[in-house]
>>> print(open('final_8.cif').read())   # mmCIF, C-alpha atoms
data_input
#
loop_
_atom_site.label_atom_id
_atom_site.label_comp_id
_atom_site.auth_asym_id
_atom_site.auth_seq_id
_atom_site.Cartn_x
_atom_site.Cartn_y
_atom_site.Cartn_z
CA MET A 1 -138.76 120.55 -184.07
CA LYS A 2 -141.30 123.05 -185.29
CA THR A 3 -144.34 123.76 -183.10
CA PHE A 4 -147.53 124.65 -184.92
CA ASP A 5 -150.18 126.99 -183.62
CA LEU A 6 -153.17 125.26 -181.97
CA ARG A 7 -155.47 126.51 -184.75
CA VAL A 8 -153.18 124.94 -187.35
CA LYS A 9 -153.53 121.63 -185.50
CA GLN A 10 -157.30 122.06 -185.61
CA LEU A 11 -156.92 122.62 -189.36
CA LEU A 12 -155.05 119.33 -189.69
CA ASP A 13 -157.74 117.58 -187.63
CA GLY A 14 -160.37 118.91 -190.01
CA ASP A 15 -162.01 121.06 -187.35
CA LEU A 16 -161.15 124.26 -189.25
CA SER A 17 -160.72 125.10 -192.91
CA LEU A 18 -157.86 127.15 -194.35
CA SER A 19 -160.19 130.12 -194.78
CA ASP A 20 -161.06 129.99 -191.07
CA LEU A 21 -157.45 130.75 -190.14
CA PRO A 22 -156.39 134.38 -189.66
CA PRO A 23 -154.27 135.73 -192.53
CA GLU A 24 -151.02 135.56 -190.53
CA LEU A 25 -151.48 131.81 -189.93
CA ARG A 26 -152.50 130.79 -193.43
CA ALA A 27 -148.93 130.31 -194.68
CA GLU A 28 -148.22 128.11 -191.68
CA GLY A 29 -151.43 126.17 -192.27
CA GLU A 30 -150.59 125.59 -195.92
CA GLU A 31 -147.13 124.33 -194.94
CA ALA A 32 -148.64 121.91 -192.42
CA LEU A 33 -151.09 120.62 -195.03
CA ARG A 34 -148.23 120.09 -197.49
CA LEU A 35 -146.25 118.11 -194.93
CA LEU A 36 -149.26 115.97 -194.03
CA ALA A 37 -150.06 115.26 -197.65
CA ALA A 38 -146.47 114.15 -198.25
CA VAL A 39 -146.64 111.76 -195.31
CA ASP A 40 -149.99 110.33 -196.34
CA ARG A 41 -148.91 109.69 -199.87
CA THR A 42 -145.62 107.97 -199.16
CA PRO A 43 -145.99 104.62 -200.97
CA VAL A 44 -145.63 101.48 -198.88
CA THR A 45 -144.12 98.54 -200.69
CA LEU A 46 -144.49 95.05 -199.25
CA SER A 47 -142.00 92.33 -199.93
CA PRO A 48 -143.30 89.93 -202.60
CA ALA A 49 -142.21 86.97 -200.43
CA LEU A 50 -144.29 88.09 -197.42
CA ASP A 51 -147.39 86.08 -198.32
CA ALA A 52 -145.37 82.90 -198.76
CA ARG A 53 -143.57 83.33 -195.45
CA VAL A 54 -146.78 83.94 -193.47
CA MET A 55 -148.51 80.94 -195.00
CA ALA A 56 -145.51 78.70 -194.28
CA VAL A 57 -145.71 79.57 -190.58
CA VAL A 58 -149.48 78.95 -190.49
CA ARG A 59 -149.09 75.50 -192.11
CA GLN A 60 -146.32 74.57 -189.69
CA HIS A 61 -148.56 75.40 -186.69
CA ALA A 62 -151.43 73.41 -188.15
CA LYS A 63 -149.21 70.30 -188.44
CA SER A 64 -147.95 70.44 -184.79
CA PRO A 65 -149.10 67.25 -182.86
CA ALA A 66 -149.06 69.06 -179.51
CA LEU A 67 -151.41 71.73 -180.83
CA GLY A 68 -153.59 69.08 -182.37
CA ALA A 69 -153.88 67.24 -179.07
CA TRP A 70 -154.68 70.43 -177.24
CA ARG A 71 -157.40 71.26 -179.77
CA TRP A 72 -158.82 67.75 -179.33
CA LEU A 73 -158.85 68.08 -175.55
CA ASN A 74 -160.26 71.56 -175.64
CA THR A 75 -163.11 70.88 -178.05
CA PRO A 76 -166.46 70.61 -176.24
CA ARG A 77 -168.28 67.29 -176.75
CA ASP A 78 -171.52 65.77 -175.57
CA LEU A 79 -171.00 63.01 -173.02
CA GLU A 80 -173.74 60.74 -171.75
CA LEU A 81 -173.20 58.90 -168.45
CA ARG A 82 -175.62 56.23 -167.35
CA LEU A 83 -175.40 55.15 -163.70
CA ARG A 84 -177.57 52.45 -162.16
CA VAL A 85 -177.32 52.22 -158.35
CA ARG A 86 -179.21 50.35 -155.68
CA PRO A 87 -180.93 52.61 -153.04
CA TRP A 88 -179.00 51.11 -150.09
CA THR A 89 -175.66 52.15 -151.60
CA VAL A 90 -176.84 55.79 -151.71
CA TRP A 91 -177.81 55.68 -148.04
CA ALA A 92 -174.53 54.00 -147.04
CA GLY A 93 -172.54 56.66 -148.91
CA ALA A 94 -174.49 59.48 -147.27
CA LEU A 95 -173.97 57.99 -143.79
CA ALA A 96 -170.22 57.57 -144.38
CA ALA A 97 -169.92 61.19 -145.56
CA ALA A 98 -171.85 62.42 -142.49
CA ALA A 99 -169.61 60.40 -140.15
CA ALA A 100 -166.45 61.75 -141.79
CA LEU A 101 -167.76 65.33 -141.50
CA ALA A 102 -168.66 64.85 -137.82
CA LEU A 103 -165.17 63.46 -137.13
CA LEU A 104 -163.51 66.42 -138.84
CA LEU A 105 -165.63 68.96 -136.93
CA ALA A 106 -164.96 67.24 -133.59
CA ARG A 107 -161.21 67.43 -134.23
CA ALA A 108 -161.27 71.06 -135.38
CA ALA A 109 -163.39 72.55 -132.55
CA PRO A 110 -161.47 73.46 -129.36
CA ALA A 111 -162.86 72.27 -126.03
CA PRO A 112 -164.90 75.06 -124.41
CA VAL A 113 -163.28 76.46 -121.28
CA PRO A 114 -165.15 78.76 -118.87
CA GLY A 115 -163.85 82.20 -117.95
CA VAL A 116 -160.82 84.08 -119.18
CA GLN A 117 -157.98 81.78 -120.24
CA ALA A 118 -154.30 82.38 -120.64
CA ARG A 119 -153.12 81.57 -124.15
CA ALA A 120 -150.10 79.40 -124.57
CA GLY A 121 -147.38 81.09 -126.54
CA THR A 122 -145.57 79.45 -129.41
CA ARG A 123 -142.11 78.04 -128.88
CA ASP A 124 -140.58 80.12 -131.64
CA SER A 125 -137.38 82.05 -131.14
CA VAL A 126 -136.58 85.64 -131.96
CA LEU A 127 -133.14 87.06 -132.60
CA VAL A 128 -132.22 89.65 -129.97
CA ARG A 129 -129.10 91.78 -130.06
CA PHE A 130 -127.34 92.67 -126.82
CA VAL A 131 -124.99 95.65 -126.68
CA LEU A 132 -122.89 96.93 -123.79
CA TYR A 133 -120.43 99.78 -123.66
CA ALA A 134 -117.62 98.50 -121.48
CA PRO A 135 -114.33 100.19 -122.35
CA GLY A 136 -111.34 98.45 -120.85
CA ALA A 137 -113.15 95.14 -120.36
CA HIS A 138 -111.33 91.95 -121.37
CA ARG A 139 -114.33 89.65 -121.50
CA VAL A 140 -118.07 90.37 -121.53
CA ALA A 141 -120.87 87.78 -121.43
CA VAL A 142 -124.61 87.91 -121.08
CA ALA A 143 -126.28 85.51 -118.66
CA GLY A 144 -129.94 85.13 -117.90
CA THR A 145 -132.97 82.95 -117.62
CA PHE A 146 -132.49 81.93 -121.26
CA ASN A 147 -129.11 80.24 -120.64
CA GLN A 148 -129.41 79.10 -117.02
CA TRP A 149 -127.37 82.12 -115.89
CA ASP A 150 -124.26 80.55 -117.39
CA ARG A 151 -121.45 83.14 -117.37
CA GLY A 152 -119.64 81.47 -120.24
CA ALA A 153 -122.51 80.52 -122.53
CA ALA A 154 -122.97 83.76 -124.47
CA LEU A 155 -119.87 85.88 -124.93
CA LEU A 156 -120.07 89.32 -126.47
CA VAL A 157 -117.67 90.35 -129.22
CA PRO A 158 -115.88 93.72 -129.18
CA ALA A 159 -116.85 96.00 -132.04
CA GLY A 160 -113.39 97.30 -132.92
CA THR A 161 -111.65 99.35 -130.26
CA SER A 162 -114.64 101.52 -129.42
CA GLY A 163 -115.41 99.73 -126.17
CA VAL A 164 -118.75 98.49 -127.50
CA TRP A 165 -119.42 94.78 -127.04
CA THR A 166 -122.21 93.01 -128.85
CA THR A 167 -123.82 89.65 -129.55
CA THR A 168 -127.04 88.33 -131.06
CA LEU A 169 -128.93 85.45 -129.48
CA ALA A 170 -132.03 83.50 -130.48
CA LEU A 171 -134.33 83.77 -127.48
CA PRO A 172 -137.56 81.83 -126.98
CA ILE A 173 -140.76 83.83 -126.77
CA GLY A 174 -141.44 85.00 -123.23
CA GLN A 175 -140.07 87.44 -120.70
CA HIS A 176 -136.44 87.03 -119.76
CA GLN A 177 -134.23 88.51 -117.05
CA TYR A 178 -130.55 88.94 -117.71
CA ALA A 179 -127.38 90.77 -116.77
CA PHE A 180 -123.97 91.29 -118.33
CA VAL A 181 -120.95 89.69 -116.72
CA VAL A 182 -117.82 91.78 -117.17
CA ASP A 183 -114.47 90.03 -116.81
CA GLY A 184 -116.17 86.96 -115.35
CA ALA A 185 -117.01 88.53 -112.02
CA ARG A 186 -118.78 91.88 -112.27
CA TRP A 187 -122.55 91.64 -112.85
CA VAL A 188 -123.87 94.70 -114.67
CA SER A 189 -127.49 95.41 -115.58
CA ASP A 190 -128.27 96.71 -119.07
CA PRO A 191 -128.42 100.52 -118.90
CA GLY A 192 -130.78 100.54 -121.87
CA ALA A 193 -133.39 98.21 -120.41
CA PRO A 194 -135.82 98.28 -117.50
CA ALA A 195 -134.58 96.48 -114.42
CA VAL A 196 -136.14 94.67 -111.49
CA ASP A 197 -134.92 93.61 -108.08
CA ASP A 198 -133.20 90.23 -108.39
CA GLY A 199 -133.87 89.26 -104.77
CA PHE A 200 -130.15 89.34 -103.97
CA GLY A 201 -129.71 93.08 -103.67
CA ARG A 202 -128.89 93.63 -107.34
CA ARG A 203 -130.93 94.46 -110.43
CA ASN A 204 -131.77 92.23 -113.39
CA SER A 205 -132.61 93.70 -116.79
CA VAL A 206 -135.83 92.60 -118.44
CA VAL A 207 -136.57 91.84 -122.07
CA ALA A 208 -139.93 90.66 -123.38
CA VAL A 209 -139.64 88.55 -126.52
CA THR A 210 -142.75 88.21 -128.63
CA ALA A 211 -143.45 87.00 -132.13
CA GLN A 212 -143.30 90.65 -133.17
CA GLY A 213 -139.78 91.07 -131.79
CA ALA A 214 -138.05 91.98 -128.56
CA HIS A 215 -139.43 94.73 -126.36
CA LEU A 216 -137.49 96.36 -123.57
CA MET B 1 -169.64 59.05 -101.72
CA ARG B 2 -168.86 59.38 -105.37
CA THR B 3 -168.04 63.10 -104.83
CA ILE B 4 -165.62 62.29 -102.00
CA GLY B 5 -163.92 59.74 -104.21
CA LEU B 6 -163.58 62.26 -107.00
CA VAL B 7 -162.11 64.88 -104.65
CA LEU B 8 -159.65 62.35 -103.22
CA THR B 9 -158.59 61.35 -106.71
CA LEU B 10 -158.03 64.97 -107.65
CA VAL B 11 -156.03 65.71 -104.50
CA LEU B 12 -153.92 62.56 -104.90
CA SER B 13 -153.27 63.20 -108.57
CA SER B 14 -152.35 66.83 -107.84
CA THR B 15 -149.94 65.76 -105.09
CA LEU B 16 -148.47 63.06 -107.31
CA THR B 17 -148.02 65.52 -110.15
CA GLY B 18 -146.33 67.93 -107.76
CA ALA B 19 -143.99 65.22 -106.50
CA LEU B 20 -143.10 64.22 -110.03
CA ASP B 21 -142.43 67.83 -110.99
CA ALA B 22 -140.33 68.34 -107.90
CA GLN B 23 -138.23 65.29 -108.80
CA ASP B 24 -137.16 67.11 -111.94
CA VAL B 25 -135.54 69.77 -109.75
CA GLN B 26 -132.64 67.65 -108.55
CA PRO B 27 -130.94 66.95 -111.90
CA ARG B 28 -131.27 70.61 -112.85
CA LEU B 29 -129.56 71.76 -109.67
CA ASP B 30 -126.85 69.08 -109.58
CA GLY B 31 -123.43 70.68 -109.73
CA ARG B 32 -124.90 74.19 -109.90
CA VAL B 33 -125.78 74.87 -106.26
CA SER B 34 -124.54 73.61 -102.93
CA PRO B 35 -126.16 70.44 -101.49
CA GLU B 36 -127.74 72.54 -98.74
CA VAL B 37 -129.38 74.89 -101.23
CA GLN B 38 -130.39 71.93 -103.40
CA ARG B 39 -132.24 70.23 -100.53
CA ALA B 40 -134.02 73.42 -99.51
CA VAL B 41 -135.05 74.29 -103.05
CA GLN B 42 -136.36 70.76 -103.60
CA ARG B 43 -138.61 71.12 -100.54
CA ILE B 44 -139.85 74.55 -101.64
CA ALA B 45 -140.44 73.28 -105.19
CA ALA B 46 -142.37 70.24 -103.94
CA ASP B 47 -144.68 72.49 -101.90
CA ALA B 48 -145.11 74.81 -104.87
CA ALA B 49 -145.86 71.97 -107.26
CA ALA B 50 -148.45 70.59 -104.84
CA GLN B 51 -150.22 73.95 -105.08
CA GLY B 52 -150.07 73.84 -108.86
CA LEU B 53 -147.45 76.58 -109.07
CA PRO B 54 -144.75 76.58 -111.74
CA ILE B 55 -141.42 75.40 -110.34
CA ASP B 56 -139.17 76.47 -113.19
CA PRO B 57 -138.84 80.06 -111.86
CA LEU B 58 -137.75 78.65 -108.48
CA VAL B 59 -135.03 76.52 -110.05
CA GLN B 60 -133.92 79.49 -112.16
CA LYS B 61 -133.69 81.73 -109.09
CA ALA B 62 -131.53 79.18 -107.24
CA ILE B 63 -129.22 78.80 -110.25
CA GLU B 64 -129.05 82.58 -110.65
CA GLY B 65 -128.09 83.07 -107.00
CA ALA B 66 -125.35 80.46 -107.22
CA ALA B 67 -124.02 81.90 -110.49
CA LYS B 68 -123.82 85.34 -108.90
CA GLY B 69 -121.92 83.95 -105.93
CA VAL B 70 -124.66 84.75 -103.43
CA PRO B 71 -124.40 82.95 -100.05
CA GLY B 72 -126.64 79.88 -99.73
CA ASP B 73 -128.95 81.23 -97.04
CA ARG B 74 -129.74 84.28 -99.16
CA VAL B 75 -130.41 82.09 -102.17
CA ILE B 76 -132.86 80.00 -100.17
CA ALA B 77 -134.57 83.13 -98.83
CA ALA B 78 -134.92 84.52 -102.35
CA VAL B 79 -136.37 81.25 -103.67
CA ARG B 80 -138.82 81.11 -100.77
CA ALA B 81 -139.87 84.72 -101.40
CA LEU B 82 -140.40 83.94 -105.08
CA ALA B 83 -142.55 80.91 -104.21
CA GLY B 84 -144.66 83.23 -102.04
CA ARG B 85 -145.07 85.68 -104.92
CA LEU B 86 -146.04 82.86 -107.28
CA GLY B 87 -148.74 81.74 -104.83
CA GLN B 88 -149.99 85.30 -104.45
CA SER B 89 -149.99 85.70 -108.20
CA MET B 90 -151.93 82.46 -108.70
CA ALA B 91 -154.64 83.69 -106.32
CA ALA B 92 -154.77 87.11 -107.99
CA VAL B 93 -155.01 85.61 -111.47
CA ARG B 94 -157.82 83.32 -110.34
CA ASP B 95 -159.62 86.31 -108.81
CA GLY B 96 -159.27 87.94 -112.19
CA GLY B 97 -161.33 85.15 -113.76
CA VAL B 98 -158.77 82.65 -115.04
CA SER B 99 -159.93 79.43 -113.45
CA THR B 100 -156.93 77.29 -114.44
CA PRO B 101 -153.97 79.64 -114.91
CA GLY B 102 -150.95 78.39 -116.82
CA GLY B 103 -147.39 78.77 -115.60
CA ASP B 104 -146.70 81.76 -117.88
CA VAL B 105 -149.50 83.93 -116.55
CA VAL B 106 -148.67 83.02 -112.93
CA GLN B 107 -145.03 83.94 -113.51
CA GLY B 108 -146.11 87.16 -115.25
CA GLY B 109 -148.14 88.03 -112.15
CA ALA B 110 -145.20 87.24 -109.87
CA ASP B 111 -142.97 89.53 -111.98
CA ALA B 112 -145.60 92.27 -111.72
CA LEU B 113 -145.74 91.82 -107.94
CA ASN B 114 -141.95 92.05 -107.81
CA ALA B 115 -142.12 95.26 -109.82
CA GLY B 116 -144.51 96.83 -107.32
CA LEU B 117 -148.07 96.01 -108.38
CA THR B 118 -150.53 94.67 -105.82
CA GLY B 119 -152.52 91.45 -106.07
CA ARG B 120 -155.69 93.45 -106.59
CA GLU B 121 -154.14 95.39 -109.46
CA ILE B 122 -153.10 92.11 -111.04
CA SER B 123 -156.64 90.76 -110.73
CA ASP B 124 -157.99 93.94 -112.34
CA LEU B 125 -155.52 93.65 -115.23
CA VAL B 126 -156.37 89.98 -115.80
CA ARG B 127 -160.08 90.83 -115.70
CA VAL B 128 -159.80 93.42 -118.50
CA SER B 129 -157.55 91.11 -120.54
CA GLY B 130 -160.24 88.84 -121.89
CA PRO B 131 -159.97 87.65 -125.49
CA PRO B 132 -158.58 88.87 -127.82
CA GLN B 133 -156.13 90.20 -125.20
CA ASP B 134 -153.64 87.91 -123.49
CA PRO B 135 -153.43 88.31 -119.69
CA THR B 136 -149.83 87.05 -119.69
CA LEU B 137 -148.82 89.77 -122.11
CA THR B 138 -150.72 92.45 -120.16
CA LEU B 139 -149.00 91.44 -116.92
CA ARG B 140 -145.60 91.42 -118.60
CA VAL B 141 -146.14 94.90 -119.98
CA ALA B 142 -147.39 96.04 -116.58
CA ALA B 143 -144.30 94.59 -114.87
CA THR B 144 -141.99 96.25 -117.39
CA LEU B 145 -143.70 99.65 -117.04
CA ALA B 146 -143.50 99.42 -113.25
CA ALA B 147 -139.85 98.39 -113.53
CA LEU B 148 -139.26 101.51 -115.60
CA GLY B 149 -140.57 103.58 -112.69
CA VAL B 150 -144.16 104.24 -113.73
CA PRO B 151 -146.29 104.24 -110.55
CA ALA B 152 -148.39 101.06 -110.22
CA LYS B 153 -151.72 102.89 -110.14
CA GLN B 154 -150.81 104.74 -113.30
CA VAL B 155 -149.78 101.46 -114.97
CA LEU B 156 -153.20 100.05 -114.15
CA THR B 157 -155.09 103.11 -115.43
CA LEU B 158 -153.04 103.31 -118.62
CA LEU B 159 -153.45 99.63 -119.51
CA GLN B 160 -157.13 99.49 -118.57
CA GLY B 161 -157.79 102.57 -120.72
CA LEU B 162 -155.95 101.23 -123.74
CA ILE B 163 -157.55 97.78 -123.52
CA SER B 164 -161.00 99.34 -123.16
CA ASP B 165 -160.28 101.40 -126.26
CA GLY B 166 -159.68 98.15 -128.13
CA ARG B 167 -155.95 98.70 -128.63
CA SER B 168 -154.01 95.76 -130.03
CA GLN B 169 -151.42 93.68 -128.23
CA SER B 170 -148.74 95.32 -130.37
CA ASP B 171 -149.86 98.71 -129.03
CA LEU B 172 -149.46 97.45 -125.47
CA LEU B 173 -146.05 95.97 -126.22
CA GLY B 174 -144.89 99.30 -127.58
CA LEU B 175 -145.66 101.16 -124.33
CA PRO B 176 -142.41 100.49 -122.44
CA GLY B 177 -140.39 101.68 -125.42
CA GLN B 178 -142.47 104.86 -125.65
CA VAL B 179 -142.02 105.54 -121.94
CA GLN B 180 -138.28 105.01 -122.32
CA THR B 181 -138.24 107.49 -125.20
CA GLY B 182 -140.04 110.03 -123.05
CA VAL B 183 -137.61 109.48 -120.19
CA ALA B 184 -134.66 109.85 -122.55
CA GLN B 185 -136.08 113.23 -123.54
CA GLY B 186 -136.20 114.46 -119.97
CA ALA B 187 -139.63 113.43 -118.69
CA THR B 188 -140.15 111.38 -115.55
CA PRO B 189 -141.64 107.89 -116.09
CA ALA B 190 -144.92 109.14 -114.63
CA GLN B 191 -145.00 112.15 -116.96
CA ALA B 192 -144.18 110.01 -119.97
CA ALA B 193 -146.93 107.51 -119.09
CA ALA B 194 -149.42 110.34 -118.47
CA GLY B 195 -148.57 111.76 -121.86
CA LEU B 196 -149.25 108.38 -123.48
CA ALA B 197 -152.60 108.11 -121.70
CA ARG B 198 -153.60 111.58 -122.85
CA ALA B 199 -152.43 110.93 -126.39
CA ALA B 200 -154.42 107.68 -126.47
CA GLY B 201 -157.56 109.47 -125.37
CA GLY B 202 -157.16 112.37 -127.80
CA LEU B 203 -156.32 115.95 -126.91
CA PRO B 204 -157.31 116.96 -123.41
CA PRO B 205 -159.80 119.85 -123.18
CA GLY B 206 -158.23 123.29 -123.47
CA ARG B 207 -155.10 122.15 -125.30
CA ASN B 208 -154.16 123.82 -128.52
CA PRO B 209 -153.48 121.74 -131.62
CA ASP B 210 -149.71 122.20 -131.18
CA TRP B 211 -149.75 120.45 -127.80
CA VAL B 212 -147.46 117.45 -127.48
CA PRO B 213 -147.39 114.97 -124.60
CA PRO B 214 -144.73 115.56 -121.96
CA GLY B 215 -141.46 113.97 -122.86
CA GLN B 216 -142.20 114.08 -126.56
CA ARG B 217 -140.87 116.57 -129.03
CA LYS B 218 -142.96 118.50 -131.51
CA PRO B 219 -142.23 117.13 -134.98
CA LYS B 220 -140.20 119.40 -137.23
CA ASN B 221 -141.95 121.15 -140.08
CA PRO B 222 -140.19 119.83 -143.19
CA HIS B 223 -141.20 122.95 -145.17
CA LYS B 224 -139.36 125.28 -142.82
CA PRO B 225 -135.65 125.77 -143.39
#
>>> encode(input="final_8.cif", output="structure tokens")
Amino acid sequence: MKTFDLRVKQLLDGDLSLSDLPPELRAEGEEALRLLAAVDRTPVTLSPALDARVMAVVRQHAKSPALGAWRWLNTPRDLELRLRVRPWTVWAGALAAAAALALLLARAAPAPVPGVQARAGTRDSVLVRFVLYAPGAHRVAVAGTFNQWDRGAALLVPAGTSGVWTTTLALPIGQHQYAFVVDGARWVSDPGAPAVDDGFGRRNSVVAVTAQGAHL
Amino acid sequence: MRTIGLVLTLVLSSTLTGALDAQDVQPRLDGRVSPEVQRAVQRIAADAAAQGLPIDPLVQKAIEGAAKGVPGDRVIAAVRALAGRLGQSMAAVRDGGVSTPGGDVVQGGADALNAGLTGREISDLVRVSGPPQDPTLTLRVAATLAALGVPAKQVLTLLQGLISDGRSQSDLLGLPGQVQTGVAQGATPAQAAAGLARAAGGLPPGRNPDWVPPGQRKPKNPHKP
């Protein structure tokens, strides 16, 4: 594709005349003008049947009942409504509306409580993944406050032969203490989580489950 | 006369509620703990319920002890110690301004006590955790930080500072993870927490712009090979 000099483009735009171009660009300018003239003068011939086709489509649309109904519905009209009411009905309506509003507001507003209050958490659950590296173990479970410390309630599954055991549990929102049970007898705290004294001389791991996820 | 009647009604209803709550203990312990432990835990739970304390943690502790094969007398001692912490927590939370604490916040306080915080520190944390903060969440974060090894006083200072700065609950929840990251990179829990406190308050005076909190690594310059 040929690239014209910027001044030749200005010539085509009518900003410059051919005589404004330097002598070395005049041939290029003339060529560009020739090309443009050829493009401009290319005759465009329309199909003789075009008018008939366009009008056929317009008539078909005009006959459509759906469009007619829409036009009828959409056309603005003057409407006069005459309402004769007795004064007591207006007052009764106003009182009923006020009573309904008062009832709604009374239901929506929480009871005021003095001082700082603890907020009740929702009872939603959050999925939490437990992972333990226990090579050589035959059975690994996780037991904690979320499953009544049941050693058989939540078994971990070995991830191949790597020694990594894992499971995912839906835990309710709140703080939970837990420990892994290896081979049904050995209680092991989670090395990746903070731990607290369990009151029996061992350590329990701690996980805080919130609506935003689990936090160790 | 009317006042005395009202007080009597309140005391009776509280005792009755406690007794009803304590009755729920038996079916939960059936078949899980020895009869001796069951009887003792029922008594402890009844006393706790009469004081308005949550009894679920007590039942959980008894079940936990039995599941771990702990001898009965040690289970009973642990449940009794937990009831004591719950009572202490209740008092601390009330001192902090929560007139009618729920079970969650009382348990959160008991966990914080178990992790090494004092009753006074719990009151202070509850006091700064007015709306929009949640005292239960603050106490849980405090307990977790203390369990990670951050000294209790530092836990208090860090949380008070962040709450005063208007940090969100998500920011507080992220603290234990950040301390763990610092520890994994070689800092002590105290150093990691100090670094977080400094980072939250901006650069300390005299630090150069390249300073990073202890336990954290300077981010790599992506433009350098």
>>> atom_distance(input="final_8.cif", atom1="CA of Gly119 in chain B", atom2="CA of Tyr178 in chain A")
25.0 Å
>>> residues_near_point(input="final_8.cif", point="(-148.6, 119.3, -191.4)", cutoff="12 Å", atoms="all atoms listed in the file", output="list in words")
Lys2, Thr3, Phe4, Asp5, Arg7, Val8, Lys9, Gln10, Leu11, Leu12, Asp13, Gly14, Ala27, Glu28, Gly29, Glu30, Glu31, Ala32, Leu33, Arg34, Leu35, Leu36, Ala37, Ala38, Val39 and Asp40 of chain A
>>> resolve_selection(input="final_8.cif", expression="the PyMOL selection byres ((chain B) within 9 of (chain A))", output="PyMOL selection string")
chain B and resi 57+60-61+63-65+67-68+70+74-75+77-79+81-82+96-102+104-105+108+111+114-115+126-127+129-131+134-137+140-141+143-149+170+173-174+176-177+180
>>> write_last_selection(input="final_8.cif", atoms="C-alpha atoms", output="PDB file, in the coordinates of the input")
ATOM      1  CA  PRO B  57    -138.840  80.060-111.860  1.00  0.00           C
ATOM      2  CA  GLN B  60    -133.920  79.490-112.160  1.00  0.00           C
ATOM      3  CA  LYS B  61    -133.690  81.730-109.090  1.00  0.00           C
ATOM      4  CA  ILE B  63    -129.220  78.800-110.250  1.00  0.00           C
ATOM      5  CA  GLU B  64    -129.050  82.580-110.650  1.00  0.00           C
ATOM      6  CA  GLY B  65    -128.090  83.070-107.000  1.00  0.00           C
ATOM      7  CA  ALA B  67    -124.020  81.900-110.490  1.00  0.00           C
ATOM      8  CA  LYS B  68    -123.820  85.340-108.900  1.00  0.00           C
ATOM      9  CA  VAL B  70    -124.660  84.750-103.430  1.00  0.00           C
ATOM     10  CA  ARG B  74    -129.740  84.280 -99.160  1.00  0.00           C
ATOM     11  CA  VAL B  75    -130.410  82.090-102.170  1.00  0.00           C
ATOM     12  CA  ALA B  77    -134.570  83.130 -98.830  1.00  0.00           C
ATOM     13  CA  ALA B  78    -134.920  84.520-102.350  1.00  0.00           C
ATOM     14  CA  VAL B  79    -136.370  81.250-103.670  1.00  0.00           C
ATOM     15  CA  ALA B  81    -139.870  84.720-101.400  1.00  0.00           C
ATOM     16  CA  LEU B  82    -140.400  83.940-105.080  1.00  0.00           C
ATOM     17  CA  GLY B  96    -159.270  87.940-112.190  1.00  0.00           C
ATOM     18  CA  GLY B  97    -161.330  85.150-113.760  1.00  0.00           C
ATOM     19  CA  VAL B  98    -158.770  82.650-115.040  1.00  0.00           C
ATOM     20  CA  SER B  99    -159.930  79.430-113.450  1.00  0.00           C
ATOM     21  CA  THR B 100    -156.930  77.290-114.440  1.00  0.00           C
ATOM     22  CA  PRO B 101    -153.970  79.640-114.910  1.00  0.00           C
ATOM     23  CA  GLY B 102    -150.950  78.390-116.820  1.00  0.00           C
ATOM     24  CA  ASP B 104    -146.700  81.760-117.880  1.00  0.00           C
ATOM     25  CA  VAL B 105    -149.500  83.930-116.550  1.00  0.00           C
ATOM     26  CA  GLY B 108    -146.110  87.160-115.250  1.00  0.00           C
ATOM     27  CA  ASP B 111    -142.970  89.530-111.980  1.00  0.00           C
ATOM     28  CA  ASN B 114    -141.950  92.050-107.810  1.00  0.00           C
ATOM     29  CA  ALA B 115    -142.120  95.260-109.820  1.00  0.00           C
ATOM     30  CA  VAL B 126    -156.370  89.980-115.800  1.00  0.00           C
ATOM     31  CA  ARG B 127    -160.080  90.830-115.700  1.00  0.00           C
ATOM     32  CA  SER B 129    -157.550  91.110-120.540  1.00  0.00           C
ATOM     33  CA  GLY B 130    -160.240  88.840-121.890  1.00  0.00           C
ATOM     34  CA  PRO B 131    -159.970  87.650-125.490  1.00  0.00           C
ATOM     35  CA  ASP B 134    -153.640  87.910-123.490  1.00  0.00           C
ATOM     36  CA  PRO B 135    -153.430  88.310-119.690  1.00  0.00           C
ATOM     37  CA  THR B 136    -149.830  87.050-119.690  1.00  0.00           C
ATOM     38  CA  LEU B 137    -148.820  89.770-122.110  1.00  0.00           C
ATOM     39  CA  ARG B 140    -145.600  91.420-118.600  1.00  0.00           C
ATOM     40  CA  VAL B 141    -146.140  94.900-119.980  1.00  0.00           C
ATOM     41  CA  ALA B 143    -144.300  94.590-114.870  1.00  0.00           C
ATOM     42  CA  THR B 144    -141.990  96.250-117.390  1.00  0.00           C
ATOM     43  CA  LEU B 145    -143.700  99.650-117.040  1.00  0.00           C
ATOM     44  CA  ALA B 146    -143.500  99.420-113.250  1.00  0.00           C
ATOM     45  CA  ALA B 147    -139.850  98.390-113.530  1.00  0.00           C
ATOM     46  CA  LEU B 148    -139.260 101.510-115.600  1.00  0.00           C
ATOM     47  CA  GLY B 149    -140.570 103.580-112.690  1.00  0.00           C
ATOM     48  CA  SER B 170    -148.740  95.320-130.370  1.00  0.00           C
ATOM     49  CA  LEU B 173    -146.050  95.970-126.220  1.00  0.00           C
ATOM     50  CA  GLY B 174    -144.890  99.300-127.580  1.00  0.00           C
ATOM     51  CA  PRO B 176    -142.410 100.490-122.440  1.00  0.00           C
ATOM     52  CA  GLY B 177    -140.390 101.680-125.420  1.00  0.00           C
ATOM     53  CA  GLN B 180    -138.280 105.010-122.320  1.00  0.00           C
TER      54      GLN B 180
END
>>> residues_around(input="final_8.cif", residues="range 38-41 of chain B", least_positions_apart="4", cutoff="7 Å", atoms="only C-alpha atoms", output="ChimeraX atom specification")
/B:29,33-34,45,76
